[in-house]
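Enquirer: For reference, this is input22.cif, and it has mmCIF, N, CA and C atoms.
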data_query
loop_
_atom_site.label_atom_id
_atom_site.label_comp_id
_atom_site.auth_asym_id
_atom_site.auth_seq_id
_atom_site.Cartn_x
_atom_site.Cartn_y
_atom_site.Cartn_z
N MET H 1 -46.25 -39.25 54.45
CA MET H 1 -47.05 -40.42 54.21
C MET H 1 -47.44 -41.01 55.57
N LYS H 2 -48.67 -41.45 55.67
CA LYS H 2 -49.16 -42.00 56.93
C LYS H 2 -48.64 -43.41 57.14
N LEU H 3 -48.63 -43.82 58.39
CA LEU H 3 -48.12 -45.13 58.76
C LEU H 3 -48.92 -46.25 58.10
N THR H 4 -50.23 -46.09 58.02
CA THR H 4 -51.05 -47.13 57.38
C THR H 4 -50.72 -47.25 55.90
N GLU H 5 -50.42 -46.13 55.26
CA GLU H 5 -50.04 -46.16 53.85
C GLU H 5 -48.69 -46.86 53.67
N LEU H 6 -47.77 -46.63 54.60
CA LEU H 6 -46.46 -47.26 54.54
C LEU H 6 -46.57 -48.77 54.70
N ARG H 7 -47.45 -49.20 55.57
CA ARG H 7 -47.60 -50.63 55.81
C ARG H 7 -48.20 -51.35 54.62
N ASP H 8 -48.88 -50.62 53.74
CA ASP H 8 -49.46 -51.22 52.54
C ASP H 8 -48.42 -51.40 51.43
N LEU H 9 -47.29 -50.71 51.54
CA LEU H 9 -46.26 -50.78 50.49
C LEU H 9 -45.44 -52.06 50.62
N GLY H 10 -44.83 -52.47 49.52
CA GLY H 10 -43.94 -53.62 49.52
C GLY H 10 -42.56 -53.23 50.03
N VAL H 11 -41.73 -54.23 50.29
CA VAL H 11 -40.39 -53.99 50.82
C VAL H 11 -39.55 -53.20 49.84
N ASP H 12 -39.65 -53.51 48.56
CA ASP H 12 -38.87 -52.78 47.55
C ASP H 12 -39.28 -51.31 47.51
N ASP H 13 -40.56 -51.04 47.63
CA ASP H 13 -41.04 -49.65 47.65
C ASP H 13 -40.54 -48.93 48.89
N LEU H 14 -40.50 -49.63 50.01
CA LEU H 14 -40.01 -49.02 51.25
C LEU H 14 -38.52 -48.72 51.14
N GLN H 15 -37.76 -49.62 50.55
CA GLN H 15 -36.32 -49.39 50.36
C GLN H 15 -36.09 -48.18 49.46
N GLU H 16 -36.92 -48.04 48.44
CA GLU H 16 -36.82 -46.88 47.55
C GLU H 16 -37.13 -45.59 48.31
N GLN H 17 -38.12 -45.65 49.19
CA GLN H 17 -38.46 -44.49 50.03
C GLN H 17 -37.27 -44.11 50.90
N VAL H 18 -36.59 -45.10 51.47
CA VAL H 18 -35.42 -44.84 52.32
C VAL H 18 -34.36 -44.11 51.51
N ARG H 19 -34.07 -44.60 50.31
CA ARG H 19 -33.05 -43.95 49.47
C ARG H 19 -33.44 -42.51 49.14
N GLU H 20 -34.69 -42.29 48.79
CA GLU H 20 -35.14 -40.95 48.44
C GLU H 20 -35.06 -40.01 49.63
N LEU H 21 -35.49 -40.49 50.79
CA LEU H 21 -35.48 -39.63 51.98
C LEU H 21 -34.06 -39.32 52.43
N GLU H 22 -33.15 -40.29 52.35
CA GLU H 22 -31.76 -40.03 52.71
C GLU H 22 -31.13 -39.01 51.77
N GLU H 23 -31.47 -39.09 50.50
CA GLU H 23 -30.96 -38.13 49.53
C GLU H 23 -31.53 -36.73 49.82
N THR H 24 -32.80 -36.68 50.14
CA THR H 24 -33.43 -35.40 50.48
C THR H 24 -32.79 -34.78 51.70
N ILE H 25 -32.53 -35.59 52.72
CA ILE H 25 -31.88 -35.09 53.94
C ILE H 25 -30.51 -34.53 53.62
N PHE H 26 -29.76 -35.23 52.78
CA PHE H 26 -28.44 -34.75 52.39
C PHE H 26 -28.53 -33.37 51.73
N HIS H 27 -29.45 -33.23 50.77
CA HIS H 27 -29.59 -31.96 50.07
C HIS H 27 -30.06 -30.85 51.00
N LEU H 28 -30.93 -31.18 51.94
CA LEU H 28 -31.37 -30.17 52.90
C LEU H 28 -30.22 -29.70 53.78
N ARG H 29 -29.35 -30.63 54.17
CA ARG H 29 -28.18 -30.25 54.98
C ARG H 29 -27.26 -29.32 54.21
N VAL H 30 -27.04 -29.64 52.94
CA VAL H 30 -26.18 -28.79 52.11
C VAL H 30 -26.79 -27.40 52.00
N ARG H 31 -28.09 -27.35 51.72
CA ARG H 31 -28.76 -26.04 51.60
C ARG H 31 -28.71 -25.26 52.90
N ARG H 32 -28.85 -25.96 54.02
CA ARG H 32 -28.82 -25.26 55.31
C ARG H 32 -27.44 -24.67 55.56
N LYS H 33 -26.39 -25.41 55.23
CA LYS H 33 -25.03 -24.93 55.45
C LYS H 33 -24.69 -23.75 54.55
N THR H 34 -25.26 -23.73 53.37
CA THR H 34 -24.97 -22.63 52.45
C THR H 34 -25.95 -21.47 52.61
N GLY H 35 -26.91 -21.60 53.51
CA GLY H 35 -27.85 -20.52 53.77
C GLY H 35 -28.96 -20.40 52.75
N GLN H 36 -29.23 -21.45 52.00
CA GLN H 36 -30.24 -21.38 50.96
C GLN H 36 -31.57 -22.00 51.37
N THR H 37 -31.69 -22.42 52.60
CA THR H 37 -32.92 -23.09 53.03
C THR H 37 -34.07 -22.10 53.20
N THR H 38 -35.25 -22.54 52.81
CA THR H 38 -36.43 -21.70 52.96
C THR H 38 -37.29 -22.17 54.13
N ASN H 39 -37.18 -23.47 54.47
CA ASN H 39 -37.99 -24.02 55.55
C ASN H 39 -37.10 -24.92 56.42
N PRO H 40 -36.59 -24.40 57.52
CA PRO H 40 -35.69 -25.19 58.36
C PRO H 40 -36.36 -26.40 59.01
N MET H 41 -37.67 -26.41 59.12
CA MET H 41 -38.37 -27.54 59.74
C MET H 41 -38.50 -28.73 58.78
N LYS H 42 -38.24 -28.52 57.50
CA LYS H 42 -38.33 -29.59 56.51
C LYS H 42 -37.37 -30.73 56.86
N GLY H 43 -36.19 -30.41 57.36
CA GLY H 43 -35.22 -31.43 57.74
C GLY H 43 -35.74 -32.31 58.86
N ARG H 44 -36.36 -31.71 59.81
CA ARG H 44 -36.90 -32.45 60.95
C ARG H 44 -38.02 -33.40 60.52
N THR H 45 -38.93 -32.90 59.72
CA THR H 45 -40.05 -33.74 59.28
C THR H 45 -39.57 -34.86 58.36
N THR H 46 -38.55 -34.58 57.56
CA THR H 46 -38.01 -35.61 56.67
C THR H 46 -37.31 -36.70 57.47
N ARG H 47 -36.56 -36.32 58.50
CA ARG H 47 -35.91 -37.32 59.35
C ARG H 47 -36.93 -38.20 60.06
N ARG H 48 -38.03 -37.61 60.48
CA ARG H 48 -39.08 -38.39 61.14
C ARG H 48 -39.74 -39.35 60.16
N GLU H 49 -39.96 -38.90 58.94
CA GLU H 49 -40.54 -39.76 57.91
C GLU H 49 -39.60 -40.95 57.63
N LEU H 50 -38.31 -40.68 57.57
CA LEU H 50 -37.32 -41.74 57.37
C LEU H 50 -37.39 -42.75 58.52
N ALA H 51 -37.52 -42.27 59.72
CA ALA H 51 -37.62 -43.17 60.88
C ALA H 51 -38.88 -44.03 60.78
N ARG H 52 -39.97 -43.47 60.34
CA ARG H 52 -41.21 -44.25 60.17
C ARG H 52 -41.02 -45.37 59.16
N VAL H 53 -40.40 -45.06 58.04
CA VAL H 53 -40.19 -46.05 56.99
C VAL H 53 -39.29 -47.17 57.51
N LYS H 54 -38.20 -46.79 58.18
CA LYS H 54 -37.28 -47.80 58.72
C LYS H 54 -37.95 -48.65 59.79
N THR H 55 -38.85 -48.07 60.55
CA THR H 55 -39.59 -48.82 61.56
C THR H 55 -40.46 -49.88 60.92
N VAL H 56 -41.15 -49.53 59.85
CA VAL H 56 -42.01 -50.49 59.16
C VAL H 56 -41.16 -51.62 58.58
N ILE H 57 -40.00 -51.29 58.01
CA ILE H 57 -39.12 -52.32 57.47
C ILE H 57 -38.66 -53.25 58.57
N ARG H 58 -38.28 -52.70 59.70
CA ARG H 58 -37.80 -53.51 60.82
C ARG H 58 -38.92 -54.39 61.38
N GLU H 59 -40.13 -53.87 61.44
CA GLU H 59 -41.27 -54.67 61.91
C GLU H 59 -41.46 -55.89 61.02
N ARG H 60 -41.35 -55.68 59.72
CA ARG H 60 -41.51 -56.80 58.79
C ARG H 60 -40.40 -57.82 58.94
N GLU H 61 -39.17 -57.34 59.15
CA GLU H 61 -38.05 -58.26 59.36
C GLU H 61 -38.28 -59.10 60.61
N ARG H 62 -38.73 -58.47 61.66
CA ARG H 62 -38.97 -59.20 62.91
C ARG H 62 -40.10 -60.20 62.77
N ASN H 63 -41.14 -59.84 62.03
CA ASN H 63 -42.24 -60.77 61.80
C ASN H 63 -41.80 -61.96 60.96
N ASP H 64 -40.93 -61.71 59.99
CA ASP H 64 -40.42 -62.80 59.16
C ASP H 64 -39.53 -63.73 59.97
N GLU H 65 -38.74 -63.19 60.90
CA GLU H 65 -37.90 -64.01 61.76
C GLU H 65 -38.73 -64.87 62.70
N GLY H 66 -39.79 -64.30 63.21
CA GLY H 66 -40.65 -65.03 64.14
C GLY H 66 -41.44 -66.14 63.50
N SER H 67 -41.77 -65.99 62.23
CA SER H 67 -42.57 -67.00 61.55
C SER H 67 -41.74 -68.14 61.00
N SER H 68 -40.42 -67.97 60.97
CA SER H 68 -39.55 -69.03 60.43
C SER H 68 -39.24 -70.08 61.45
#
Output the file's structure as structure tokens, nothing else.

Expert:
Amino acid sequence: MKLTELRDLGVDDLQEQVRELEETIFHLRVRRKTGQTTNPMKGRTTRRELARVKTVIRERERNDEGSS
């Protein structure tokens, strides 16, 4: 998902994205350890997507702190 699309989502949607991505990362790690992975780069791209989502959440938190 692109950064502009993430910024359009609400906080609850972003939190849901975080949960889904963390779960995906967990399953990818399990598959990698058991040798069942088909695309080893999927873990890297998923971790980066998680970082993007967390960045957007943190930006919103900082903006809310500054406006109070």

Enquirer: Go through H:Arg32, H:Arg7, H:Arg44, H:Arg19 and flag the residue nearest H:Val56, using all atoms listed in the file for the distances.

Expert: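 Ranked by minimum distance to H:Val56, first place goes to H:Arg7.
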
Enquirer: Chain H: which residues are helix (DSSP H, G or I) by DSSP, as a PyMOL selection string?

Expert: chain H and resi 3-8+11-34+41-67

Enquirer: Would you please work out which residue, of H:Thr4, H:Thr38, H:Gln15, H:Thr45, is nearest to H:Ile57 when using all atoms listed in the file?

Expert: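 Checking each of H:Thr4, H:Thr38, H:Gln15, H:Thr45 against H:Ile57, counting all atoms listed in the file, the winner is H:Gln15.
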
Enquirer: Report as a VMD selection string all protein, DNA and RNA residues lying within 8 Å of stretch 27-29 of chain H, evaluated on all atoms listed in the file, omitting residues in the same chain fewer than 6 positions from it.

Expert: chain H and resid 21 35 37 42 to 43

Enquirer: Can you translate the PyMOL selection byres (((chain H and resi 58-68 and name CA) around 12) and name CA) into the concrete residues it hits in this file, as an MDAnalysis selection string?

Expert: chainID H and resid 6:11 14:15 51:57
